[in-house]
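Colleague: Here you go, my_file_2.pdb (PDB, C-alpha atoms):
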MODEL        1
ATOM      1  CA  MET A 574     -64.230  -3.542 -22.473
ATOM      2  CA  LYS A 575     -63.397  -6.283 -24.963
ATOM      3  CA  ARG A 576     -61.775  -3.734 -27.244
ATOM      4  CA  LEU A 577     -59.183  -2.598 -24.676
ATOM      5  CA  PRO A 578     -57.030  -5.780 -24.796
ATOM      6  CA  VAL A 579     -57.224  -5.792 -28.601
ATOM      7  CA  ILE A 580     -56.065  -2.159 -28.762
ATOM      8  CA  ILE A 581     -53.164  -2.808 -26.372
ATOM      9  CA  LEU A 582     -52.075  -5.888 -28.353
ATOM     10  CA  THR A 583     -52.213  -3.925 -31.628
ATOM     11  CA  LEU A 584     -50.116  -1.073 -30.217
ATOM     12  CA  ALA A 585     -47.541  -3.526 -28.858
ATOM     13  CA  LEU A 586     -47.196  -5.232 -32.249
ATOM     14  CA  LEU A 587     -46.831  -1.898 -34.057
ATOM     15  CA  GLY A 588     -44.198  -0.742 -31.581
ATOM     16  CA  ALA A 589     -42.250  -3.972 -31.981
ATOM     17  CA  ALA A 590     -42.430  -3.830 -35.770
ATOM     18  CA  GLY A 591     -41.288  -0.210 -35.765
ATOM     19  CA  CYS A 592     -38.265  -0.969 -33.573
ATOM     20  CA  ALA A 593     -37.311  -3.977 -35.667
ATOM     21  CA  ALA A 594     -37.436  -1.927 -38.845
ATOM     22  CA  LYS A 595     -34.784   0.469 -37.575
ATOM     23  CA  GLN A 596     -31.354  -0.895 -38.256
ATOM     24  CA  GLN A 597     -28.245   0.830 -37.103
ATOM     25  CA  LYS A 598     -25.410   1.233 -39.495
ATOM     26  CA  ALA A 599     -22.177  -0.342 -38.366
ATOM     27  CA  GLU A 600     -19.527   2.311 -38.154
ATOM     28  CA  ALA A 601     -15.969   1.607 -39.120
ATOM     29  CA  PRO A 602     -13.525   1.824 -36.196
ATOM     30  CA  LYS A 603     -12.261   5.356 -35.825
ATOM     31  CA  GLU A 604      -8.525   5.889 -35.856
ATOM     32  CA  PRO A 605      -7.200   8.446 -33.358
ATOM     33  CA  ALA A 606      -6.532  11.836 -34.874
ATOM     34  CA  ALA A 607      -3.036  13.247 -34.789
ATOM     35  CA  GLU A 608      -3.885  15.715 -32.029
ATOM     36  CA  GLU A 609      -5.524  13.094 -29.792
ATOM     37  CA  THR A 610      -3.332  11.661 -27.067
ATOM     38  CA  VAL A 611      -3.512   8.083 -25.977
ATOM     39  CA  VAL A 612      -3.619   7.677 -22.201
ATOM     40  CA  ILE A 613      -1.909   4.600 -20.847
ATOM     41  CA  ALA A 614      -3.103   3.522 -17.432
ATOM     42  CA  LYS A 615      -0.463   3.395 -14.725
ATOM     43  CA  PRO A 616       0.025   0.041 -13.065
ATOM     44  CA  ALA A 617      -1.898  -0.311  -9.819
ATOM     45  CA  LYS A 618       0.061   0.409  -6.664
ATOM     46  CA  PRO A 619       0.696  -2.841  -4.799
ATOM     47  CA  ALA A 620      -1.137  -3.342  -1.540
ATOM     48  CA  PRO A 621       0.944  -2.459   1.537
ATOM     49  CA  THR A 622       2.626  -5.327   3.327
ATOM     50  CA  PRO A 623       1.707  -6.140   6.939
ATOM     51  CA  LEU A 624       5.051  -4.609   8.005
ATOM     52  CA  GLU A 625       4.222  -1.333   6.208
ATOM     53  CA  ILE A 626       0.748  -1.276   7.776
ATOM     54  CA  TYR A 627       2.254  -1.841  11.235
ATOM     55  CA  GLU A 628       4.808   0.952  10.715
ATOM     56  CA  MET A 629       2.067   3.358   9.566
ATOM     57  CA  ASN A 630      -0.018   2.571  12.642
ATOM     58  CA  TYR A 631       3.038   2.823  14.921
ATOM     59  CA  ARG A 632       3.872   6.304  13.558
ATOM     60  CA  GLN A 633       0.339   7.444  14.437
ATOM     61  CA  LEU A 634       0.710   6.552  18.122
ATOM     62  CA  PRO A 635       1.010   9.557  20.441
ATOM     63  CA  THR A 636       4.481  10.854  21.286
ATOM     64  CA  SER A 637       3.362  12.766  24.375
ATOM     65  CA  HIS A 638       0.956  12.269  27.257
ATOM     66  CA  THR A 639      -0.607  14.725  29.687
ATOM     67  CA  VAL A 640      -0.928  13.295  33.191
ATOM     68  CA  VAL A 641      -4.414  13.239  34.694
ATOM     69  CA  LYS A 642      -5.358  12.808  38.337
ATOM     70  CA  GLY A 643      -4.777   9.285  39.622
ATOM     71  CA  GLU A 644      -2.245   8.235  36.979
ATOM     72  CA  CYS A 645       1.211   6.827  37.588
ATOM     73  CA  LEU A 646       3.901   5.830  35.109
ATOM     74  CA  TRP A 647       2.759   2.206  35.371
ATOM     75  CA  ARG A 648      -0.809   3.136  34.361
ATOM     76  CA  ILE A 649       0.381   5.414  31.581
ATOM     77  CA  SER A 650       2.631   2.778  29.991
ATOM     78  CA  GLU A 651      -0.066   0.096  30.135
ATOM     79  CA  GLN A 652      -2.470   2.173  28.025
ATOM     80  CA  ALA A 653      -3.066   0.605  24.615
ATOM     81  CA  GLN A 654      -2.049   3.752  22.715
ATOM     82  CA  ILE A 655       1.165   4.172  24.742
ATOM     83  CA  TYR A 656       3.055   0.856  25.136
ATOM     84  CA  ASN A 657       0.296  -1.595  26.075
ATOM     85  CA  ASP A 658       2.789  -2.964  28.621
ATOM     86  CA  PRO A 659       2.990  -1.628  32.200
ATOM     87  CA  PHE A 660       6.534  -2.948  32.686
ATOM     88  CA  MET A 661       7.872  -0.447  30.153
ATOM     89  CA  TRP A 662       7.317   2.600  32.408
ATOM     90  CA  PRO A 663      11.084   3.091  32.980
ATOM     91  CA  LEU A 664      11.376   4.166  29.317
ATOM     92  CA  ILE A 665       9.010   7.072  30.040
ATOM     93  CA  TYR A 666      10.899   7.852  33.246
ATOM     94  CA  LYS A 667      14.282   7.984  31.451
ATOM     95  CA  ALA A 668      12.909  10.263  28.746
ATOM     96  CA  ASN A 669      11.372  12.678  31.281
ATOM     97  CA  ARG A 670      13.893  12.829  34.145
ATOM     98  CA  ASP A 671      14.002  16.603  33.875
ATOM     99  CA  LYS A 672      10.244  16.765  34.614
ATOM    100  CA  ILE A 673      10.213  14.078  37.319
ATOM    101  CA  THR A 674      12.419  15.684  39.950
ATOM    102  CA  LYS A 675      12.422  13.438  43.003
ATOM    103  CA  SER A 676      10.948  10.009  42.343
ATOM    104  CA  PRO A 677       9.069   8.209  39.565
ATOM    105  CA  ASP A 678       6.203   7.933  42.068
ATOM    106  CA  LEU A 679       5.804  11.714  42.181
ATOM    107  CA  ILE A 680       4.106  12.882  39.027
ATOM    108  CA  TYR A 681       1.383  15.502  38.936
ATOM    109  CA  PRO A 682      -1.729  16.212  36.843
ATOM    110  CA  GLY A 683      -0.989  18.543  33.978
ATOM    111  CA  GLN A 684       2.590  17.374  33.423
ATOM    112  CA  VAL A 685       3.282  16.553  29.781
ATOM    113  CA  PHE A 686       5.613  13.606  29.256
ATOM    114  CA  SER A 687       7.235  12.616  25.990
ATOM    115  CA  ILE A 688       6.687   9.006  24.977
ATOM    116  CA  PRO A 689       9.798   7.586  23.294
ATOM    117  CA  ARG A 690       8.940   5.684  20.115
ATOM    118  CA  SER A 691      12.475   5.092  18.859
ATOM    119  CA  GLY A 692      16.053   5.384  20.003
ATOM    120  CA  PHE A 693      16.000   2.331  22.237
ATOM    121  CA  THR A 694      17.026  -1.259  21.686
ATOM    122  CA  LEU A 695      15.632  -4.608  22.721
ATOM    123  CA  ALA A 696      18.248  -4.678  25.487
ATOM    124  CA  ASP A 697      16.915  -1.322  26.781
ATOM    125  CA  ILE A 698      13.385  -2.718  26.840
ATOM    126  CA  LYS A 699      14.455  -5.870  28.653
ATOM    127  CA  GLU A 700      16.398  -3.809  31.194
ATOM    128  CA  ALA A 701      13.397  -1.517  31.743
ATOM    129  CA  ARG A 702      11.051  -4.475  32.218
ATOM    130  CA  VAL A 703      13.358  -6.079  34.800
ATOM    131  CA  LYS A 704      13.723  -2.738  36.615
ATOM    132  CA  ALA A 705       9.912  -2.448  36.696
ATOM    133  CA  GLY A 706       9.555  -5.836  38.377
ATOM    134  CA  SER A 707       9.352  -8.380  35.590
ATOM    135  CA  SER A 708      11.412 -11.515  36.103
ATOM    136  CA  LYS A 709      14.530 -11.999  33.986
ATOM    137  CA  LYS A 710      12.885 -15.080  32.454
ATOM    138  CA  LYS A 711       9.975 -12.931  31.287
ATOM    139  CA  SER A 712      11.942  -9.852  30.262
ATOM    140  CA  ASP A 713      10.725 -10.045  26.649
ATOM    141  CA  PRO A 714       7.770  -7.751  26.002
ATOM    142  CA  ALA A 715       4.448  -9.336  25.093
ATOM    143  CA  PRO A 716       3.521  -9.686  21.409
ATOM    144  CA  THR A 717       0.713  -7.173  22.015
ATOM    145  CA  SER A 718       3.156  -4.436  23.108
ATOM    146  CA  ASN A 719       3.604  -1.354  20.928
ATOM    147  CA  LEU A 720       7.199  -1.693  19.770
ATOM    148  CA  PRO A 721       9.204  -0.424  16.808
ATOM    149  CA  ALA A 722       8.986  -2.794  13.839
ATOM    150  CA  ALA A 723      12.704  -3.665  13.977
ATOM    151  CA  ILE A 724      12.395  -4.832  17.601
ATOM    152  CA  ARG A 725       9.269  -6.879  16.778
ATOM    153  CA  GLN A 726      11.234  -8.587  14.004
ATOM    154  CA  GLU A 727      14.152  -9.198  16.333
ATOM    155  CA  LEU A 728      11.782 -10.897  18.778
ATOM    156  CA  GLY A 729      10.216 -12.949  15.974
ATOM    157  CA  TYR A 730       6.744 -11.450  16.420
ATOM    158  CA  GLY A 731       4.509 -11.253  13.374
ATOM    159  CA  PHE A 732       2.747  -8.201  12.040
TER     160      PHE A 732
ENDMDL
END
Could the structure of this file be written out as structure tokens, please?

Modeller:
Amino acid sequence: MKRLPVIILTLALLGAAGCAAKQQKAEAPKEPAAEETVVIAKPAKPAPTPLEIYEMNYRQLPTSHTVVKGECLWRISEQAQIYNDPFMWPLIYKANRDKITKSPDLIYPGQVFSIPRSGFTLADIKEARVKAGSSKKKSDPAPTSNLPAAIRQELGYGF
């Protein structure tokens, strides 16, 4: 039993002495051969700006909606992925007049409406909001509304 620690200590010293005795030769720096190509790293792509991120997310929003039972244009336009603003339903109505024959109140399950994402101005939005029942004083859409980036900038909303 007393020999076991002595044997372990002896082996540890021999192992350490053997490792210390090995010395590595320092190699001279190798020059690239004629056939080797040197690769130069490309500069990192700059991070996207908040405006670019907003535009990417805006482009991913749906451009059509299939009506389900119980929906009306008001409910469709207030959905977060549509406009996130119920007062913007007249924009959907204008874009789908050929599918809504009699009244904006008469839409049916299964109808597929296009959701305009461009081609309208801030004045069009304000007009639609007033037509939908918003007061003229509050005709500006909320900062949480899904709007084209140019209109958000025009309103002074951040990204």

Colleague: Ala696 (chain A): which residues within 12 Å, counting all atoms listed in the file, same-chain residues fewer than 5 positions away excluded, as a list of chain:residue names?

Modeller: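 What passes the distance filter is A:Leu664, A:Ala701, A:Arg702, A:Val703, A:Lys709, A:Ser712, A:Asp713, A:Pro714, A:Ile724, A:Glu727, A:Leu728.
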
Colleague: Rank nothing, just name the residue among A:Ser691, A:Thr636, A:Cys645, A:Asp697 nearest to Ser676 (chain A), using only C-alpha atoms.

Modeller: A:Cys645

Colleague: On this file, the PyMOL selection byres ((chain A and resi 631) around 12) gives some set of residues; write that set as JSON, numbers by chain.

Modeller: {"A": [624, 625, 626, 627, 628, 629, 630, 632, 633, 634, 635, 636, 653, 654, 655, 656, 689, 690, 691, 718, 719, 720, 721, 722, 723, 725, 732]}

Colleague: Okay, now the selection with C-alpha atoms, as a compact mmCIF listing (two decimals), in the coordinates of the input?

Modeller:
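Saved file part-v5.txt follows:
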# COMPACT_ATOMS: atom_id res chain seq x y z
CA LEU A 624 5.05 -4.61 8.01
CA GLU A 625 4.22 -1.33 6.21
CA ILE A 626 0.75 -1.28 7.78
CA TYR A 627 2.25 -1.84 11.24
CA GLU A 628 4.81 0.95 10.72
CA MET A 629 2.07 3.36 9.57
CA ASN A 630 -0.02 2.57 12.64
CA ARG A 632 3.87 6.30 13.56
CA GLN A 633 0.34 7.44 14.44
CA LEU A 634 0.71 6.55 18.12
CA PRO A 635 1.01 9.56 20.44
CA THR A 636 4.48 10.85 21.29
CA ALA A 653 -3.07 0.60 24.62
CA GLN A 654 -2.05 3.75 22.72
CA ILE A 655 1.16 4.17 24.74
CA TYR A 656 3.06 0.86 25.14
CA PRO A 689 9.80 7.59 23.29
CA ARG A 690 8.94 5.68 20.11
CA SER A 691 12.48 5.09 18.86
CA SER A 718 3.16 -4.44 23.11
CA ASN A 719 3.60 -1.35 20.93
CA LEU A 720 7.20 -1.69 19.77
CA PRO A 721 9.20 -0.42 16.81
CA ALA A 722 8.99 -2.79 13.84
CA ALA A 723 12.70 -3.66 13.98
CA ARG A 725 9.27 -6.88 16.78
CA PHE A 732 2.75 -8.20 12.04

Colleague: What is the distance, in Å and to one decimal place, between CA of Arg648 (chain A) and CA of Trp662 (chain A)?

Modeller: 8.4 Å

Colleague: Restricting the calculation to only C-alpha atoms, which member of A:Thr610, A:Lys672, A:Leu646, A:Gly731 is positioned closest to Pro659 (chain A)?

Modeller: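 Between A:Thr610, A:Lys672, A:Leu646, A:Gly731, the residue approaching Pro659 (chain A) most closely is A:Leu646.
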
Colleague: Give me, please, the distance in Å between CA of Pro682 (chain A) and CA of His638 (chain A), quoted to one decimal.

Modeller: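 Computing the Euclidean distance for CA of Pro682 (chain A) and CA of His638 (chain A) yields 10.7 Å.
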
Colleague: Using only C-alpha atoms, which residue out of A:Tyr666, A:Ile649, A:Val640, A:Ala705 lies closest to Gly683 (chain A)?

Modeller: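 Nearest to Gly683 (chain A): A:Val640.
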
Colleague: For CA of Trp647 (chain A) and CA of Pro663 (chain A), quote the distance in Å rounded to one decimal.

Modeller: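 Between CA of Trp647 (chain A) and CA of Pro663 (chain A) the gap is 8.7 Å.
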
Colleague: Which one is closest to Arg670 (chain A): A:Ala715, A:Arg576, A:Ala617, A:Ser687? Count all atoms listed in the file.

Modeller: A:Ser687

Colleague: Apply the PyMOL selection byres ((chain A and resi 686) around 7) to the structure shown and report the selected residues as a list in words.

Modeller: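 After applying the PyMOL selection byres ((chain A and resi 686) around 7), what remains is Ser637, His638, Thr639, Asn669, Gln684, Val685, Ser687 and Ile688 of chain A.
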
Colleague: Around all the atoms of region 726-731 of chain A listed in the file, draw an axis-aligned box and extend it by 6 Å on each of the six sides; I want its centre and edge lengths in Å to one decimal, as lines of an AutoDock Vina configuration file.

Modeller:
center_x = 9.3
center_y = -10.8
center_z = 16.1
size_x = 21.6
size_y = 16.4
size_z = 17.4

Colleague: Some atoms are missing, so please complete region 689-715 of chain A with N, CA and C atoms and return it as a PDB file, keeping the file's coordinate frame.

Modeller:
ATOM      1  N   PRO A 689       8.814   7.984  24.297  1.00  0.00           N
ATOM      2  CA  PRO A 689       9.798   7.586  23.294  1.00  0.00           C
ATOM      3  C   PRO A 689       9.250   6.482  22.390  1.00  0.00           C
ATOM      4  N   ARG A 690       9.383   6.673  21.098  1.00  0.00           N
ATOM      5  CA  ARG A 690       8.940   5.684  20.115  1.00  0.00           C
ATOM      6  C   ARG A 690      10.114   5.052  19.379  1.00  0.00           C
ATOM      7  N   SER A 691      11.278   5.636  19.508  1.00  0.00           N
ATOM      8  CA  SER A 691      12.475   5.092  18.859  1.00  0.00           C
ATOM      9  C   SER A 691      13.673   5.473  19.705  1.00  0.00           C
ATOM     10  N   GLY A 692      14.834   5.030  19.286  1.00  0.00           N
ATOM     11  CA  GLY A 692      16.053   5.384  20.003  1.00  0.00           C
ATOM     12  C   GLY A 692      16.375   4.438  21.146  1.00  0.00           C
ATOM     13  N   PHE A 693      15.666   3.326  21.217  1.00  0.00           N
ATOM     14  CA  PHE A 693      16.000   2.331  22.237  1.00  0.00           C
ATOM     15  C   PHE A 693      16.089   0.966  21.572  1.00  0.00           C
ATOM     16  N   THR A 694      16.790   0.068  22.235  1.00  0.00           N
ATOM     17  CA  THR A 694      17.026  -1.259  21.686  1.00  0.00           C
ATOM     18  C   THR A 694      16.227  -2.291  22.470  1.00  0.00           C
ATOM     19  N   LEU A 695      16.277  -3.509  22.006  1.00  0.00           N
ATOM     20  CA  LEU A 695      15.632  -4.608  22.721  1.00  0.00           C
ATOM     21  C   LEU A 695      16.261  -4.779  24.097  1.00  0.00           C
ATOM     22  N   ALA A 696      17.570  -4.578  24.186  1.00  0.00           N
ATOM     23  CA  ALA A 696      18.248  -4.678  25.487  1.00  0.00           C
ATOM     24  C   ALA A 696      17.731  -3.606  26.444  1.00  0.00           C
ATOM     25  N   ASP A 697      17.476  -2.391  25.943  1.00  0.00           N
ATOM     26  CA  ASP A 697      16.915  -1.322  26.781  1.00  0.00           C
ATOM     27  C   ASP A 697      15.528  -1.704  27.298  1.00  0.00           C
ATOM     28  N   ILE A 698      14.734  -2.303  26.438  1.00  0.00           N
ATOM     29  CA  ILE A 698      13.385  -2.718  26.840  1.00  0.00           C
ATOM     30  C   ILE A 698      13.455  -3.808  27.898  1.00  0.00           C
ATOM     31  N   LYS A 699      14.318  -4.786  27.675  1.00  0.00           N
ATOM     32  CA  LYS A 699      14.455  -5.870  28.653  1.00  0.00           C
ATOM     33  C   LYS A 699      14.932  -5.330  29.999  1.00  0.00           C
ATOM     34  N   GLU A 700      15.886  -4.420  29.965  1.00  0.00           N
ATOM     35  CA  GLU A 700      16.398  -3.809  31.194  1.00  0.00           C
ATOM     36  C   GLU A 700      15.290  -3.035  31.915  1.00  0.00           C
ATOM     37  N   ALA A 701      14.494  -2.287  31.153  1.00  0.00           N
ATOM     38  CA  ALA A 701      13.397  -1.517  31.743  1.00  0.00           C
ATOM     39  C   ALA A 701      12.360  -2.444  32.361  1.00  0.00           C
ATOM     40  N   ARG A 702      12.049  -3.534  31.695  1.00  0.00           N
ATOM     41  CA  ARG A 702      11.051  -4.475  32.218  1.00  0.00           C
ATOM     42  C   ARG A 702      11.531  -5.137  33.512  1.00  0.00           C
ATOM     43  N   VAL A 703      12.818  -5.475  33.571  1.00  0.00           N
ATOM     44  CA  VAL A 703      13.358  -6.079  34.800  1.00  0.00           C
ATOM     45  C   VAL A 703      13.353  -5.044  35.924  1.00  0.00           C
ATOM     46  N   LYS A 704      13.729  -3.810  35.609  1.00  0.00           N
ATOM     47  CA  LYS A 704      13.723  -2.738  36.615  1.00  0.00           C
ATOM     48  C   LYS A 704      12.303  -2.505  37.152  1.00  0.00           C
ATOM     49  N   ALA A 705      11.301  -2.681  36.296  1.00  0.00           N
ATOM     50  CA  ALA A 705       9.912  -2.448  36.696  1.00  0.00           C
ATOM     51  C   ALA A 705       9.317  -3.617  37.467  1.00  0.00           C
ATOM     52  N   GLY A 706      10.052  -4.728  37.574  1.00  0.00           N
ATOM     53  CA  GLY A 706       9.555  -5.836  38.377  1.00  0.00           C
ATOM     54  C   GLY A 706       9.295  -7.128  37.631  1.00  0.00           C
ATOM     55  N   SER A 707       9.520  -7.148  36.351  1.00  0.00           N
ATOM     56  CA  SER A 707       9.352  -8.380  35.590  1.00  0.00           C
ATOM     57  C   SER A 707      10.537  -9.297  35.866  1.00  0.00           C
ATOM     58  N   SER A 708      10.300 -10.595  35.859  1.00  0.00           N
ATOM     59  CA  SER A 708      11.412 -11.515  36.103  1.00  0.00           C
ATOM     60  C   SER A 708      12.332 -11.544  34.890  1.00  0.00           C
ATOM     61  N   LYS A 709      13.578 -11.941  35.106  1.00  0.00           N
ATOM     62  CA  LYS A 709      14.530 -11.999  33.986  1.00  0.00           C
ATOM     63  C   LYS A 709      14.079 -13.022  32.948  1.00  0.00           C
ATOM     64  N   LYS A 710      13.378 -14.072  33.396  1.00  0.00           N
ATOM     65  CA  LYS A 710      12.885 -15.080  32.454  1.00  0.00           C
ATOM     66  C   LYS A 710      11.804 -14.503  31.548  1.00  0.00           C
ATOM     67  N   LYS A 711      11.063 -13.533  32.066  1.00  0.00           N
ATOM     68  CA  LYS A 711       9.975 -12.931  31.287  1.00  0.00           C
ATOM     69  C   LYS A 711      10.305 -11.482  30.930  1.00  0.00           C
ATOM     70  N   SER A 712      11.546 -11.228  30.574  1.00  0.00           N
ATOM     71  CA  SER A 712      11.942  -9.852  30.262  1.00  0.00           C
ATOM     72  C   SER A 712      11.561  -9.435  28.847  1.00  0.00           C
ATOM     73  N   ASP A 713      11.183 -10.400  27.990  1.00  0.00           N
ATOM     74  CA  ASP A 713      10.725 -10.045  26.649  1.00  0.00           C
ATOM     75  C   ASP A 713       9.343  -9.411  26.738  1.00  0.00           C
ATOM     76  N   PRO A 714       9.108  -8.344  25.998  1.00  0.00           N
ATOM     77  CA  PRO A 714       7.770  -7.751  26.002  1.00  0.00           C
ATOM     78  C   PRO A 714       6.768  -8.689  25.332  1.00  0.00           C
ATOM     79  N   ALA A 715       5.512  -8.513  25.670  1.00  0.00           N
ATOM     80  CA  ALA A 715       4.448  -9.336  25.093  1.00  0.00           C
ATOM     81  C   ALA A 715       4.267  -9.010  23.609  1.00  0.00           C
TER      82      ALA A 715
END
